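One file, start_27.cif, carrying mmCIF, C-alpha atoms and all ligand atoms:
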```cif
data_run
loop_
_atom_site.label_atom_id
_atom_site.label_comp_id
_atom_site.auth_asym_id
_atom_site.auth_seq_id
_atom_site.Cartn_x
_atom_site.Cartn_y
_atom_site.Cartn_z
CA MET A 1 26.59 5.62 -5.85
CA SER A 2 23.47 7.64 -5.31
CA LYS A 3 23.81 11.38 -5.67
CA TYR A 4 21.26 11.78 -2.89
CA ARG A 5 21.83 11.49 0.81
CA PHE A 6 18.95 10.42 2.99
CA GLU A 7 18.25 11.08 6.59
CA ALA A 8 17.92 7.74 8.28
CA SER A 9 14.68 7.41 10.13
CA ASP A 10 15.29 6.54 13.73
CA ILE A 11 12.40 4.19 14.30
CA TYR A 12 14.57 1.07 14.31
CA LEU A 13 16.26 -0.54 17.28
CA PRO A 14 19.99 0.24 16.95
CA GLY A 15 21.73 -1.99 14.43
CA THR A 16 18.53 -3.83 13.43
CA GLU A 17 15.63 -3.59 11.01
CA ILE A 18 13.23 -4.04 13.92
CA PRO A 19 11.12 -0.94 14.59
CA ALA A 20 10.92 0.05 18.25
CA ASN A 21 7.41 -0.85 19.34
CA ARG A 22 4.97 -0.43 22.19
CA LEU A 23 5.18 -4.11 23.13
CA ASP A 24 9.00 -3.93 23.41
CA ILE A 25 9.34 -6.87 21.05
CA GLN A 26 12.92 -7.33 19.89
CA ASP A 27 12.42 -10.52 17.94
CA ALA A 28 11.92 -9.84 14.22
CA GLU A 29 10.01 -13.05 13.56
CA LEU A 30 7.58 -12.51 16.44
CA LEU A 31 7.04 -8.89 15.45
CA GLY A 32 6.36 -10.00 11.88
CA GLU A 33 3.78 -12.49 13.10
CA ILE A 34 2.05 -9.83 15.18
CA GLU A 35 2.01 -7.41 12.24
CA GLU A 36 0.51 -10.15 10.09
CA SER A 37 -2.18 -10.91 12.64
CA LEU A 38 -3.03 -7.21 13.05
CA LEU A 39 -3.31 -6.93 9.27
CA GLN A 40 -5.65 -9.93 9.09
CA GLN A 41 -7.81 -8.43 11.84
CA ALA A 42 -7.83 -5.15 9.94
CA TYR A 43 -9.12 -6.86 6.80
CA GLN A 44 -12.02 -8.28 8.81
CA VAL A 45 -12.83 -5.00 10.55
CA PHE A 46 -12.61 -2.76 7.49
CA VAL A 47 -14.49 -5.15 5.21
CA ALA A 48 -17.27 -5.33 7.81
CA GLU A 49 -17.35 -1.53 7.94
CA LEU A 50 -17.66 -1.10 4.16
CA ALA A 51 -20.89 0.74 3.40
CA PRO A 52 -22.40 2.62 0.45
CA ALA A 53 -21.37 5.86 2.17
CA THR A 54 -17.70 4.84 2.57
CA ARG A 55 -15.39 7.47 1.08
CA PHE A 56 -11.96 6.21 0.08
CA ASP A 57 -10.41 9.55 0.89
CA GLU A 58 -7.13 10.57 2.48
CA ALA A 59 -8.52 10.47 6.02
CA TYR A 60 -9.75 6.92 5.40
CA PHE A 61 -6.34 5.87 4.04
CA ARG A 62 -4.52 7.31 7.04
CA GLU A 63 -6.99 5.68 9.41
CA LEU A 64 -6.28 2.29 7.84
CA HIS A 65 -2.65 2.65 8.84
CA ARG A 66 -3.41 4.15 12.26
CA ARG A 67 -6.09 1.70 13.32
CA THR A 68 -4.23 -1.35 11.98
CA PHE A 69 -0.92 -0.65 13.71
CA ALA A 70 -1.60 1.76 16.61
CA THR A 71 -1.17 -1.01 19.17
CA LEU A 72 2.43 -1.41 17.97
CA TYR A 73 3.72 1.90 16.70
CA ASP A 74 3.55 5.53 17.84
CA TRP A 75 3.86 6.64 14.22
CA ALA A 76 0.85 4.65 12.99
CA GLY A 77 -1.18 6.90 10.70
CA VAL A 78 1.50 9.63 10.81
CA TYR A 79 3.18 10.87 7.63
CA ARG A 80 6.96 10.80 7.63
CA THR A 81 8.99 14.02 7.79
CA VAL A 82 12.18 12.43 6.46
CA ASP A 83 13.01 11.57 2.85
CA MET A 84 13.08 7.86 2.14
CA ALA A 85 14.44 5.54 -0.53
CA LYS A 86 14.55 1.82 -1.21
CA GLY A 87 17.26 0.58 -3.52
CA ASP A 88 17.67 3.29 -6.16
CA SER A 89 14.09 4.51 -5.73
CA LEU A 90 13.53 7.86 -4.08
CA PHE A 91 9.98 8.15 -2.82
CA CYS A 92 8.09 11.45 -2.70
CA ARG A 93 10.21 14.07 -0.92
CA ALA A 94 8.86 14.68 2.57
CA VAL A 95 8.19 18.37 1.88
CA PHE A 96 5.88 17.43 -0.99
CA LEU A 97 4.01 14.64 0.80
CA GLU A 98 0.98 16.68 1.84
CA PRO A 99 0.39 18.42 -1.52
CA GLU A 100 1.03 15.20 -3.43
CA ALA A 101 -1.44 13.32 -1.22
CA LYS A 102 -4.00 16.10 -1.78
CA ARG A 103 -3.50 15.78 -5.54
CA ILE A 104 -3.84 11.99 -5.58
CA PHE A 105 -6.90 11.88 -3.35
CA GLY A 106 -8.38 14.86 -5.19
CA GLU A 107 -8.16 12.88 -8.42
CA LEU A 108 -9.67 9.85 -6.70
CA GLU A 109 -12.55 11.96 -5.39
CA ALA A 110 -13.13 13.31 -8.91
CA GLU A 111 -13.60 9.68 -9.99
CA ASN A 112 -16.08 9.14 -7.12
CA TYR A 113 -13.46 7.00 -5.34
CA LEU A 114 -13.93 4.38 -8.11
CA LYS A 115 -17.21 3.47 -6.42
CA ASP A 116 -19.03 3.09 -9.75
CA ALA A 117 -16.63 0.47 -11.09
CA ARG A 118 -19.11 -2.38 -10.62
CA ALA A 119 -20.56 -1.34 -13.98
CA TRP A 120 -17.17 -1.13 -15.73
CA PRO A 121 -15.28 -3.76 -17.68
CA THR A 122 -12.67 -5.30 -15.36
CA ALA A 123 -9.88 -4.01 -17.62
CA ARG A 124 -10.91 -0.40 -17.04
CA PHE A 125 -11.15 -0.93 -13.26
CA ALA A 126 -7.71 -2.59 -13.21
CA GLU A 127 -6.24 0.36 -15.09
CA ARG A 128 -7.61 2.92 -12.62
CA LEU A 129 -6.73 0.83 -9.53
CA ALA A 130 -3.19 0.39 -10.83
CA TYR A 131 -2.88 4.12 -11.41
CA TYR A 132 -3.83 4.94 -7.82
CA GLN A 133 -1.86 2.09 -6.29
CA GLY A 134 1.18 3.23 -8.29
CA GLU A 135 0.75 6.81 -7.07
CA LEU A 136 0.54 5.60 -3.46
CA ILE A 137 3.61 3.39 -3.94
CA ALA A 138 5.56 6.44 -5.12
CA LEU A 139 4.12 8.55 -2.28
CA HIS A 140 5.23 6.04 0.40
CA PRO A 141 3.86 8.36 3.11
CA PHE A 142 4.50 6.26 6.22
CA LEU A 143 7.77 5.23 7.81
CA GLU A 144 6.94 1.54 7.38
CA LEU A 145 4.11 -0.76 6.32
CA ASN A 146 3.28 1.28 3.21
CA GLY A 147 3.02 -1.76 0.96
CA ARG A 148 0.56 -3.61 3.13
CA ILE A 149 -1.69 -0.61 3.78
CA THR A 150 -1.63 0.45 0.12
CA ARG A 151 -2.73 -3.05 -0.89
CA LEU A 152 -5.37 -3.13 1.89
CA PHE A 153 -6.73 0.19 0.60
CA THR A 154 -6.84 -1.11 -2.97
CA ASP A 155 -8.46 -4.38 -1.84
CA LEU A 156 -11.20 -2.48 0.00
CA ILE A 157 -12.04 -0.51 -3.16
CA ALA A 158 -12.11 -3.79 -5.10
CA MET A 159 -14.37 -5.42 -2.52
CA ALA A 160 -16.70 -2.42 -2.49
CA ASN A 161 -17.22 -3.14 -6.18
CA GLY A 162 -18.05 -6.81 -5.87
CA TYR A 163 -14.55 -8.20 -6.39
CA GLY A 164 -12.50 -10.29 -4.02
CA PRO A 165 -9.26 -8.94 -2.55
CA ILE A 166 -6.68 -8.74 -5.34
CA ASP A 167 -4.80 -11.99 -5.75
CA TYR A 168 -1.16 -11.01 -6.21
CA GLY A 169 -0.33 -14.64 -6.71
CA ARG A 170 3.39 -15.22 -6.81
CA SER A 171 4.19 -11.60 -7.59
CA LEU A 172 4.73 -10.94 -3.86
CA ASP A 173 6.96 -13.97 -3.29
CA ASP A 174 10.49 -13.34 -2.12
CA SER A 175 11.61 -15.14 -5.25
CA VAL A 176 14.08 -13.23 -7.39
CA PRO A 177 13.22 -11.33 -9.46
CA ASN A 178 10.19 -10.24 -7.47
CA ALA A 179 7.53 -9.12 -9.92
CA TYR A 180 5.75 -6.78 -7.51
CA ILE A 181 8.95 -4.97 -6.54
CA ARG A 182 9.91 -4.64 -10.21
CA ALA A 183 6.46 -3.19 -10.90
CA SER A 184 6.92 -0.80 -7.97
CA ILE A 185 10.31 0.29 -9.31
CA ALA A 186 8.71 1.01 -12.70
CA CYS A 187 6.11 3.21 -10.95
CA VAL A 188 8.58 5.11 -8.78
CA GLN A 189 11.51 5.49 -11.18
CA ARG A 190 9.79 5.68 -14.58
CA ALA A 191 6.15 6.58 -13.79
CA ASP A 192 5.38 3.39 -15.74
CA VAL A 193 2.31 1.73 -14.28
CA GLU A 194 2.01 -0.96 -16.98
CA PRO A 195 3.64 -3.88 -15.09
CA LEU A 196 1.48 -3.11 -12.03
CA ARG A 197 -1.63 -2.88 -14.24
CA GLN A 198 -0.95 -6.36 -15.54
CA ILE A 199 -0.48 -7.76 -12.02
CA ILE A 200 -3.71 -6.16 -10.80
CA LEU A 201 -5.70 -7.21 -13.86
CA ALA A 202 -4.58 -10.81 -13.35
CA GLY A 203 -5.57 -10.63 -9.68
CA LEU A 204 -9.02 -9.07 -9.99
CA VAL A 205 -11.75 -11.69 -9.67
CA LYS A 206 -15.45 -11.07 -9.07
CA ALA A 207 -16.29 -12.24 -5.56
CA ASP A 208 -19.30 -14.20 -6.77
CA ALA A 209 -17.47 -15.84 -9.70
CA SER A 210 -17.16 -19.59 -9.35
CA PRO A 211 -13.53 -20.66 -9.14
CA GLU A 212 -11.95 -21.76 -12.41
CA ARG A 213 -10.85 -25.34 -12.54
N1 LIG B 1 13.32 -0.74 -4.77
C1 LIG B 1 12.07 -0.29 -4.72
N2 LIG B 1 11.67 0.70 -5.55
C2 LIG B 1 10.41 1.16 -5.49
N3 LIG B 1 9.47 0.73 -4.64
C3 LIG B 1 9.82 -0.24 -3.80
C4 LIG B 1 11.12 -0.80 -3.78
N4 LIG B 1 11.16 -1.76 -2.81
C5 LIG B 1 9.93 -1.79 -2.27
N5 LIG B 1 9.11 -0.88 -2.85
C6 LIG B 1 7.71 -0.59 -2.53
O1 LIG B 1 7.66 -0.34 -1.14
C7 LIG B 1 6.75 -1.25 -0.52
C8 LIG B 1 7.28 -1.65 0.83
O2 LIG B 1 7.24 -0.51 1.68
P1 LIG B 1 7.18 -0.69 3.25
O3 LIG B 1 6.91 0.63 3.85
O4 LIG B 1 8.36 -1.47 3.73
O5 LIG B 1 5.85 -1.59 3.40
P2 LIG B 1 5.68 -3.07 3.98
O6 LIG B 1 6.44 -3.09 5.28
O7 LIG B 1 4.21 -3.24 4.14
O8 LIG B 1 6.25 -3.99 2.95
C9 LIG B 1 6.64 -2.42 -1.48
O9 LIG B 1 5.38 -3.06 -1.38
C10 LIG B 1 6.81 -1.77 -2.84
O10 LIG B 1 5.58 -1.28 -3.34
MG MG B 2 8.48 -2.86 5.37
#
```
Take the structure in the file and give it back as structure tokens.
Amino acid sequence: MSKYRFEASDIYLPGTEIPANRLDIQDAELLGEIEESLLQQAYQVFVAELAPATRFDEAYFRELHRRTFATLYDWAGVYRTVDMAKGDSLFCRAVFLEPEAKRIFGELEAENYLKDARAWPTARFAERLAYYQGELIALHPFLELNGRITRLFTDLIAMANGYGPIDYGRSLDDSVPNAYIRASIACVQRADVEPLRQIILAGLVKADASPER
């Protein structure tokens, strides 16, 4: 048994895992399809908006969540004020969310938001992307949809550097054991980013590279 007790967030419809939403959808499958379609639209919008001046800063990250899901959720783009866990993993305590986010995005700014990675070996870029993705996984700042927005954010940095969106391959499958979740657990529980680095390195492909056959 966990020695921690967590406040349950009250965004879900009673007795379900369906977040209350602005469209009053109570069907999990339909809501999932709408979330997926909003995410696909977001990829198109944010890729089209990428520009040399784009700063991958905290405001940008929050805006990804807000603009992607504001039609559905009141808490889109809003940091949680409750502690949260998944399985045995305790994410960043709510009271430390703001300073932790400042630290992470301060480090990213000090690396010029990884905007110079076009000139780097892919292995170095994968290592830095995995570091920041791992930090954001452990931060888990939103009440829901952290995984998708964290991967969108990472994909946009990859695309700004001439790569395609990261191909997570089968690591995101619901198959057991799920490689991406195991990599996330390593980040959150052991500050071990190595499994995630390997997944990201395998999934980073130059956008102009001809497909391997
Ligand atoms: N047991 C776990 N330990 C650590 N991190 C986890 C665990 N389960 C899931 N995660 C992380 O949380 C993310 C899911 O968070 P969530 O807010 O539900 O986002 P989404 O709804 O987009 O999947 C996963 O992508 C993974 O990175
Ligand atoms: Mg979720």
- Close residues to ligand LIG 1 (chain B) using all atoms listed in the file, limit 7 Å, as a VMD selection string: chain A and resid 86 to 89 137 to 138 140 142 to 149 180 to 181 184 to 185 188
- Figure out the distance between atom CA of A:Leu139 and atom CA of A:Val82, please, to one decimal in Å. 12.5 Å
- Taken to one decimal, the atom CA of A:Ala42-atom CA of A:Ala94 distance is 26.9 Å
- Item | Spatial neighbours of A:Glu17, 9 Å, only C-alpha atoms, chain gap at least 4 places, as a PyMOL selection string | chain A and resi 12-13+28
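A straight line drawn from atom CA of A:Glu107 to atom MG of ligand MG 2 (chain B) is 26.7 Å long.
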- Skipping near chain neighbours, those fewer than 4 positions away, what residues fall within 10 Å of A:Leu72 using only C-alpha atoms, listed as JSON, numbers by chain? {"A": [19, 20, 21, 22, 23, 24, 25, 31, 34, 35, 38, 66, 68, 76]}
C-alpha atoms of stretch 45-161 of chain A, written as a short mmCIF file (atom, residue, chain, number, x, y, z; two decimals), in the first residue's frame:
```cif
data_model
loop_
_atom_site.label_atom_id
_atom_site.label_comp_id
_atom_site.auth_asym_id
_atom_site.auth_seq_id
_atom_site.Cartn_x
_atom_site.Cartn_y
_atom_site.Cartn_z
CA VAL A 45 -2.18 24.22 -36.66
CA PHE A 46 1.00 24.25 -34.57
CA VAL A 47 3.20 22.84 -37.33
CA ALA A 48 1.88 25.55 -39.67
CA GLU A 49 2.68 28.17 -37.03
CA LEU A 50 6.29 27.01 -36.52
CA ALA A 51 8.62 29.89 -37.36
CA PRO A 52 12.26 30.79 -36.75
CA ALA A 53 11.08 33.04 -33.91
CA THR A 54 9.09 30.29 -32.13
CA ARG A 55 10.17 29.97 -28.50
CA PHE A 56 9.46 26.60 -26.92
CA ASP A 57 8.92 28.20 -23.55
CA GLU A 58 6.49 27.55 -20.72
CA ALA A 59 3.82 29.86 -22.15
CA TYR A 60 4.02 28.01 -25.46
CA PHE A 61 3.70 24.63 -23.70
CA ARG A 62 0.65 25.76 -21.74
CA GLU A 63 -0.90 27.22 -24.87
CA LEU A 64 -0.55 23.86 -26.63
CA HIS A 65 -2.75 22.30 -23.97
CA ARG A 66 -5.17 25.23 -23.80
CA ARG A 67 -5.67 25.71 -27.52
CA THR A 68 -5.88 21.98 -28.26
CA PHE A 69 -8.52 21.15 -25.66
CA ALA A 70 -10.30 24.42 -24.73
CA THR A 71 -13.40 23.43 -26.69
CA LEU A 72 -13.79 20.43 -24.35
CA TYR A 73 -12.37 21.28 -20.95
CA ASP A 74 -12.50 24.28 -18.61
CA TRP A 75 -9.11 23.27 -17.21
CA ALA A 76 -7.33 23.27 -20.57
CA GLY A 77 -3.99 25.02 -20.12
CA VAL A 78 -4.47 25.23 -16.34
CA TYR A 79 -1.97 23.64 -13.94
CA ARG A 80 -3.43 21.27 -11.37
CA THR A 81 -3.59 22.23 -7.69
CA VAL A 82 -3.98 18.64 -6.47
CA ASP A 83 -1.26 16.02 -6.11
CA MET A 84 -1.51 13.21 -8.63
CA ALA A 85 -0.16 9.69 -9.05
CA LYS A 86 -0.46 6.87 -11.55
CA GLY A 87 0.29 3.40 -10.31
CA ASP A 88 3.13 3.80 -7.80
CA SER A 89 4.39 6.99 -9.46
CA LEU A 90 3.89 10.26 -7.63
CA PHE A 91 4.18 13.17 -10.02
CA CYS A 92 5.55 16.56 -8.99
CA ARG A 93 3.75 17.77 -5.85
CA ALA A 94 1.28 20.50 -6.73
CA VAL A 95 3.01 23.05 -4.49
CA PHE A 96 6.24 22.61 -6.45
CA LEU A 97 4.70 22.69 -9.92
CA GLU A 98 5.39 26.34 -10.68
CA PRO A 99 9.03 26.41 -9.48
CA GLU A 100 9.75 23.07 -11.13
CA ALA A 101 8.27 24.29 -14.42
CA LYS A 102 10.39 27.46 -14.14
CA ARG A 103 13.50 25.32 -13.61
CA ILE A 104 12.79 23.00 -16.54
CA PHE A 105 11.92 25.77 -18.99
CA GLY A 106 14.82 27.86 -17.69
CA GLU A 107 17.17 25.02 -18.60
CA LEU A 108 15.51 24.68 -22.00
CA GLU A 109 15.91 28.41 -22.62
CA ALA A 110 19.60 28.14 -21.68
CA GLU A 111 19.90 25.56 -24.47
CA ASN A 112 18.15 27.97 -26.88
CA TYR A 113 15.07 25.71 -26.79
CA LEU A 114 17.12 23.07 -28.69
CA LYS A 115 16.65 25.20 -31.79
CA ASP A 116 20.23 24.64 -32.95
CA ALA A 117 19.92 20.86 -33.02
CA ARG A 118 19.78 20.69 -36.82
CA ALA A 119 23.58 20.83 -36.72
CA TRP A 120 23.91 18.13 -34.03
CA PRO A 121 24.32 14.39 -34.38
CA THR A 122 20.91 12.76 -33.93
CA ALA A 123 22.16 10.93 -30.83
CA ARG A 124 22.87 14.21 -29.03
CA PHE A 125 19.46 15.63 -29.98
CA ALA A 126 17.73 12.44 -28.80
CA GLU A 127 19.53 12.69 -25.46
CA ARG A 128 18.42 16.28 -24.86
CA LEU A 129 14.85 15.69 -26.08
CA ALA A 130 14.56 12.67 -23.80
CA TYR A 131 15.82 14.70 -20.87
CA TYR A 132 13.16 17.37 -21.33
CA GLN A 133 10.38 14.93 -22.16
CA GLY A 134 11.28 12.96 -19.02
CA GLU A 135 11.18 16.11 -16.91
CA LEU A 136 7.75 16.99 -18.31
CA ILE A 137 6.50 13.45 -17.71
CA ALA A 138 7.52 13.77 -14.05
CA LEU A 139 6.01 17.26 -13.86
CA HIS A 140 2.61 16.08 -15.17
CA PRO A 141 1.24 19.61 -14.76
CA PHE A 142 -2.27 19.18 -16.16
CA LEU A 143 -5.18 17.17 -14.80
CA GLU A 144 -5.33 15.05 -17.96
CA LEU A 145 -3.84 14.81 -21.45
CA ASN A 146 -0.27 15.33 -20.22
CA GLY A 147 1.15 12.51 -22.33
CA ARG A 148 -0.29 13.73 -25.59
CA ILE A 149 0.68 17.38 -25.07
CA THR A 150 4.18 16.46 -23.88
CA ARG A 151 4.69 14.39 -27.03
CA LEU A 152 3.18 17.16 -29.21
CA PHE A 153 5.62 19.63 -27.65
CA THR A 154 8.56 17.30 -28.26
CA ASP A 155 7.41 16.62 -31.84
CA LEU A 156 7.24 20.34 -32.58
CA ILE A 157 10.84 20.81 -31.41
CA ALA A 158 11.85 17.84 -33.58
CA MET A 159 10.02 19.26 -36.59
CA ALA A 160 11.57 22.69 -36.07
CA ASN A 161 14.91 20.95 -36.54
#
```
